[in-house]
Amino acid sequence: MNAAKRLEIFKRFRAANPAPKTELEYTTPFELLIAVLLSAQATDVSVNKATRVLYPVANTPAAILALGVDELASYIRTIGLFRTKAKNVIATCQILLDQHGGEVPRDRASLEALPGVGRKTANVVMNTAFGELTMAVDTHIFRVSNRTGIAPGKNVEIVEQKLLKFVPREFLLDAHHWLILHGRYTCIARKPQCWNCMIADLCDYKEKTPMPALT
């Protein structure tokens with residue numbers, strides 16, 4: 001895919017959704033960090049259901065730490081891997097209080113040092129909470145980048161670096177939101193909805209899915 005096609009793709013994404021947002025619900029960088037940590041191998045819908053109950057009770061490192069692992073687990077038990085996640089959240093809250101004054105750090109090294117926080121989670125927090133030009137590559141972005149030809153790569157690290165290189169800078173802040181939403185609702189895993197895709201004419205995917213027959 002050439003630069004002109006990529007530019008037009010992101011122009012269309014921006015025109016259709018000028019201010020894309022994460023579907024995780026949060027009001028502070030800490031709430032976002034915990035929500036993203038909980039979202040690993042879980043849907044945003046399931047995380048939001050849990051945090052709508054949790055955050056009115058405890059939405060700071062000190063308050064969640066005071067709950068303890070077992071009580072926190074009771075709030076998030078509907079989320080996959082909830083016991084492990086409860087332990088990681090409690091440990092993360094302790095580190096935030098001990099090493100960062102209860103604030104979420106803005107740098108990658110400090111974020112990735114938190115239990116349960118990997119590169120993707122750090123990228124989400126840096127981008128969404130602090131406006132850094134990072135690219136969090138999840139399964140949706142990996143699929144869309146390869147299928148469309150925007151930034152093909154054999155693993156998430158290669159795709160991340162290619163996106164940072166190929167996406168025009170003016171679109172970088174919002175690019176990962178557009179790509180996630182496109183993968184979640186249009187360029188879905190099994191049968192991409194090519195007939196309903198705003199970038200179908202620019203996409204390199206050859207086996208375009210035809211419009212379903214009307215019944």
# chains A, B, ... in the order shown; residues from 1 in each chain; ligands from 1

$ residues_around --residues "Met198 (chain A)" --least-positions-apart "4" --cutoff "10 Å" --atoms "only C-alpha atoms" --output "list in words"
Ile9, Arg12, Phe13, Ala16, His182, Thr186, Cys194, Leu202 and Cys203 of chain A

$ residues_around --residues "region 72-88 of chain A" --least-positions-apart "5" --cutoff "7 Å" --atoms "only C-alpha atoms" --output "list in words"
Leu38, Gln41, Ala42, Ser46, Val47, Ala50, Leu54, Leu67, Pro115 and Gly116 of chain A

$ residues_around --residues "Asn127 (chain A)" --least-positions-apart "2" --cutoff "10 Å" --atoms "only C-alpha atoms" --output "VMD selection string"
chain A and resid 106 121 to 125 129 to 136 172 to 174 176 to 177

$ select_by_dssp --residues "region 5-84 of chain A" --states "alpha helix (DSSP H)" --output "MDAnalysis selection string"
chainID A and resid 5:16 29:38 44:54 61:75 82:84

$ closest_residue --among "A:Ala175, A:Leu32, A:Val69, A:Leu96" --to "Ala19 (chain A)" --atoms "only C-alpha atoms"
A:Ala175

$ closest_residue --among "A:Arg119, A:Lys21, A:Arg169, A:Arg184" --to "Val156 (chain A)" --atoms "only C-alpha atoms"
A:Arg119

$ residues_around --residues "Glu8 (chain A)" --least-positions-apart "6" --cutoff "12 Å" --atoms "only C-alpha atoms" --output "list of chain:residue names"
A:Met1, A:Asn2, A:Arg14, A:Ala15, A:Ile150, A:Val167, A:Pro168, A:Phe171, A:Met198, A:Ile199, A:Ala200, A:Asp201, A:Leu202, A:Cys203

$ residues_around --residues "Cys93 (chain A)" --least-positions-apart "2" --cutoff "9 Å" --atoms "only C-alpha atoms" --output "mmCIF file with all heavy atoms, in the first residue's frame"
data_model
loop_
_atom_site.group_PDB
_atom_site.id
_atom_site.type_symbol
_atom_site.label_atom_id
_atom_site.label_comp_id
_atom_site.auth_asym_id
_atom_site.auth_seq_id
_atom_site.Cartn_x
_atom_site.Cartn_y
_atom_site.Cartn_z
ATOM 1 N N THR A 60 -9.429 5.093 43.564
ATOM 2 C CA THR A 60 -8.075 5.607 43.761
ATOM 3 C C THR A 60 -7.194 4.454 44.218
ATOM 4 O O THR A 60 -7.709 3.435 44.719
ATOM 5 C CB THR A 60 -8.041 6.714 44.827
ATOM 6 O OG1 THR A 60 -8.382 6.137 46.108
ATOM 7 C CG2 THR A 60 -9.005 7.848 44.494
ATOM 8 N N PRO A 61 -5.874 4.587 44.075
ATOM 9 C CA PRO A 61 -5.008 3.499 44.541
ATOM 10 C C PRO A 61 -5.228 3.160 46.016
ATOM 11 O O PRO A 61 -5.288 1.979 46.379
ATOM 12 C CB PRO A 61 -3.599 4.051 44.302
ATOM 13 C CG PRO A 61 -3.763 5.007 43.163
ATOM 14 C CD PRO A 61 -5.104 5.630 43.369
ATOM 15 N N ALA A 62 -5.361 4.162 46.869
ATOM 16 C CA ALA A 62 -5.537 3.908 48.298
ATOM 17 C C ALA A 62 -6.858 3.200 48.581
ATOM 18 O O ALA A 62 -6.919 2.263 49.400
ATOM 19 C CB ALA A 62 -5.467 5.218 49.078
ATOM 20 N N ILE A 64 -8.732 1.317 46.508
ATOM 21 C CA ILE A 64 -8.757 -0.057 46.010
ATOM 22 C C ILE A 64 -7.841 -0.940 46.847
ATOM 23 O O ILE A 64 -8.184 -2.091 47.163
ATOM 24 C CB ILE A 64 -8.381 -0.104 44.516
ATOM 25 C CG1 ILE A 64 -9.532 0.474 43.673
ATOM 26 C CG2 ILE A 64 -8.063 -1.528 44.071
ATOM 27 C CD1 ILE A 64 -9.316 0.451 42.183
ATOM 28 N N LEU A 65 -6.694 -0.405 47.239
ATOM 29 C CA LEU A 65 -5.791 -1.168 48.105
ATOM 30 C C LEU A 65 -6.482 -1.552 49.410
ATOM 31 O O LEU A 65 -6.315 -2.661 49.927
ATOM 32 C CB LEU A 65 -4.528 -0.356 48.387
ATOM 33 C CG LEU A 65 -3.396 -1.069 49.130
ATOM 34 C CD1 LEU A 65 -2.864 -2.243 48.314
ATOM 35 C CD2 LEU A 65 -2.276 -0.082 49.440
ATOM 36 N N ASN A 88 -3.003 -8.439 40.621
ATOM 37 C CA ASN A 88 -2.188 -7.454 39.898
ATOM 38 C C ASN A 88 -2.622 -6.026 40.198
ATOM 39 O O ASN A 88 -1.788 -5.129 40.359
ATOM 40 C CB ASN A 88 -2.267 -7.709 38.390
ATOM 41 C CG ASN A 88 -1.445 -8.904 37.953
ATOM 42 O OD1 ASN A 88 -0.492 -9.300 38.627
ATOM 43 N ND2 ASN A 88 -1.786 -9.477 36.812
ATOM 44 N N VAL A 89 -3.929 -5.804 40.282
ATOM 45 C CA VAL A 89 -4.432 -4.455 40.574
ATOM 46 C C VAL A 89 -4.004 -4.017 41.969
ATOM 47 O O VAL A 89 -3.549 -2.879 42.168
ATOM 48 C CB VAL A 89 -5.967 -4.403 40.428
ATOM 49 C CG1 VAL A 89 -6.518 -3.095 41.001
ATOM 50 C CG2 VAL A 89 -6.370 -4.542 38.960
ATOM 51 N N ILE A 90 -4.134 -4.892 42.937
ATOM 52 C CA ILE A 90 -3.729 -4.554 44.300
ATOM 53 C C ILE A 90 -2.230 -4.253 44.357
ATOM 54 O O ILE A 90 -1.797 -3.260 44.969
ATOM 55 C CB ILE A 90 -4.090 -5.695 45.276
ATOM 56 C CG1 ILE A 90 -5.607 -5.809 45.432
ATOM 57 C CG2 ILE A 90 -3.417 -5.480 46.628
ATOM 58 C CD1 ILE A 90 -6.273 -4.596 46.071
ATOM 59 N N ALA A 91 -1.419 -5.088 43.702
ATOM 60 C CA ALA A 91 0.029 -4.859 43.678
ATOM 61 C C ALA A 91 0.368 -3.559 42.958
ATOM 62 O O ALA A 91 1.259 -2.805 43.382
ATOM 63 C CB ALA A 91 0.731 -6.038 43.008
ATOM 64 N N ILE A 95 2.362 -0.147 44.452
ATOM 65 C CA ILE A 95 3.516 0.478 43.798
ATOM 66 C C ILE A 95 3.238 1.948 43.488
ATOM 67 O O ILE A 95 4.107 2.812 43.680
ATOM 68 C CB ILE A 95 3.891 -0.287 42.513
ATOM 69 C CG1 ILE A 95 4.419 -1.683 42.876
ATOM 70 C CG2 ILE A 95 4.937 0.484 41.695
ATOM 71 C CD1 ILE A 95 4.633 -2.589 41.676
ATOM 72 N N LEU A 96 2.034 2.243 43.017
ATOM 73 C CA LEU A 96 1.691 3.641 42.722
ATOM 74 C C LEU A 96 1.804 4.500 43.975
ATOM 75 O O LEU A 96 2.307 5.633 43.924
ATOM 76 C CB LEU A 96 0.282 3.729 42.135
ATOM 77 C CG LEU A 96 0.074 3.134 40.738
ATOM 78 C CD1 LEU A 96 -1.383 3.272 40.309
ATOM 79 C CD2 LEU A 96 0.976 3.809 39.707
ATOM 80 N N LEU A 97 1.362 3.979 45.095
ATOM 81 C CA LEU A 97 1.434 4.727 46.352
ATOM 82 C C LEU A 97 2.873 4.833 46.853
ATOM 83 O O LEU A 97 3.306 5.898 47.309
ATOM 84 C CB LEU A 97 0.548 4.068 47.403
ATOM 85 C CG LEU A 97 -0.961 4.201 47.174
ATOM 86 C CD1 LEU A 97 -1.728 3.246 48.062
ATOM 87 C CD2 LEU A 97 -1.416 5.638 47.416
ATOM 88 N N ASP A 98 3.615 3.745 46.747
ATOM 89 C CA ASP A 98 4.972 3.713 47.292
ATOM 90 C C ASP A 98 5.975 4.489 46.440
ATOM 91 O O ASP A 98 6.886 5.132 46.974
ATOM 92 C CB ASP A 98 5.461 2.266 47.424
ATOM 93 C CG ASP A 98 4.730 1.492 48.511
ATOM 94 O OD1 ASP A 98 4.040 2.136 49.338
ATOM 95 O OD2 ASP A 98 4.839 0.253 48.522
ATOM 96 N N GLY A 102 0.935 7.986 44.355
ATOM 97 C CA GLY A 102 -0.458 7.680 44.048
ATOM 98 C C GLY A 102 -0.901 8.093 42.659
ATOM 99 O O GLY A 102 -2.074 7.929 42.305
ATOM 100 N N LEU A 114 4.666 -2.035 36.273
ATOM 101 C CA LEU A 114 3.499 -2.346 37.100
ATOM 102 C C LEU A 114 2.993 -3.754 36.791
ATOM 103 O O LEU A 114 2.954 -4.154 35.620
ATOM 104 C CB LEU A 114 2.386 -1.322 36.845
ATOM 105 C CG LEU A 114 2.732 0.132 37.165
ATOM 106 C CD1 LEU A 114 1.636 1.065 36.662
ATOM 107 C CD2 LEU A 114 2.955 0.324 38.659
#

$ closest_residue --among "A:Pro29, A:Gly149, A:Pro192, A:Pro105" --to "Glu207 (chain A)" --atoms "only C-alpha atoms"
A:Pro192

$ closest_residue --among "A:Phe142, A:Tyr55, A:Phe30, A:Trp178" --to "Gln161 (chain A)" --atoms "only C-alpha atoms"
A:Phe142
